[in-house]
Amino acid sequence: MESLTDNAEVVNYSGGNAKGLTASAELIDMAGTVAWSKSATVDSSEDSVLTPIHLEFPATLTPVHFIRLKLVRGDSVISENFYLRGTEETISAPSALYLRLT
């Protein structure tokens, strides 16, 4: 995922040439609902970077949401990445953390 351009990338540094892969992207809101999805068939050459999918963020998407990227060959998952996305205002560390030891 290239955060500056909102493109999903297929990066192949040493996987050999791979044809007929499917790249997919999903945007998932905080209720767990898929708000947007897209897939593309790609042929990935060794030592290459492809940008087959541009993520489009619907206006109805919750301010904090998830991005799931997946690359498959047939029924086999080659890569799967899951990201949390939001602004600095919507995602922040708690100001204090309390642990109760028993």
# chains A, B, ... in the order shown; residues from 1 in each chain; ligands from 1
>>> residues_around(residues="range 1-5 of chain A", least_positions_apart="3", cutoff="9 Å", atoms="only C-alpha atoms", output="ChimeraX atom specification")
/A:8-10,51,54-55,69,81
>>> residues_around(residues="range 31-40 of chain A", least_positions_apart="3", cutoff="10 Å", atoms="only C-alpha atoms", output="ChimeraX atom specification")
/A:20-28,51-58,60-62,65-71
>>> atom_distance(atom1="CA of Arg73 in chain A", atom2="CA of Val49 in chain A")
17.2 Å
>>> select_by_dssp(residues="chain A", states="strand (DSSP E)", output="MDAnalysis selection string")
chainID A and resid 7:12 18:28 34:44 48:54 65:73 76:85
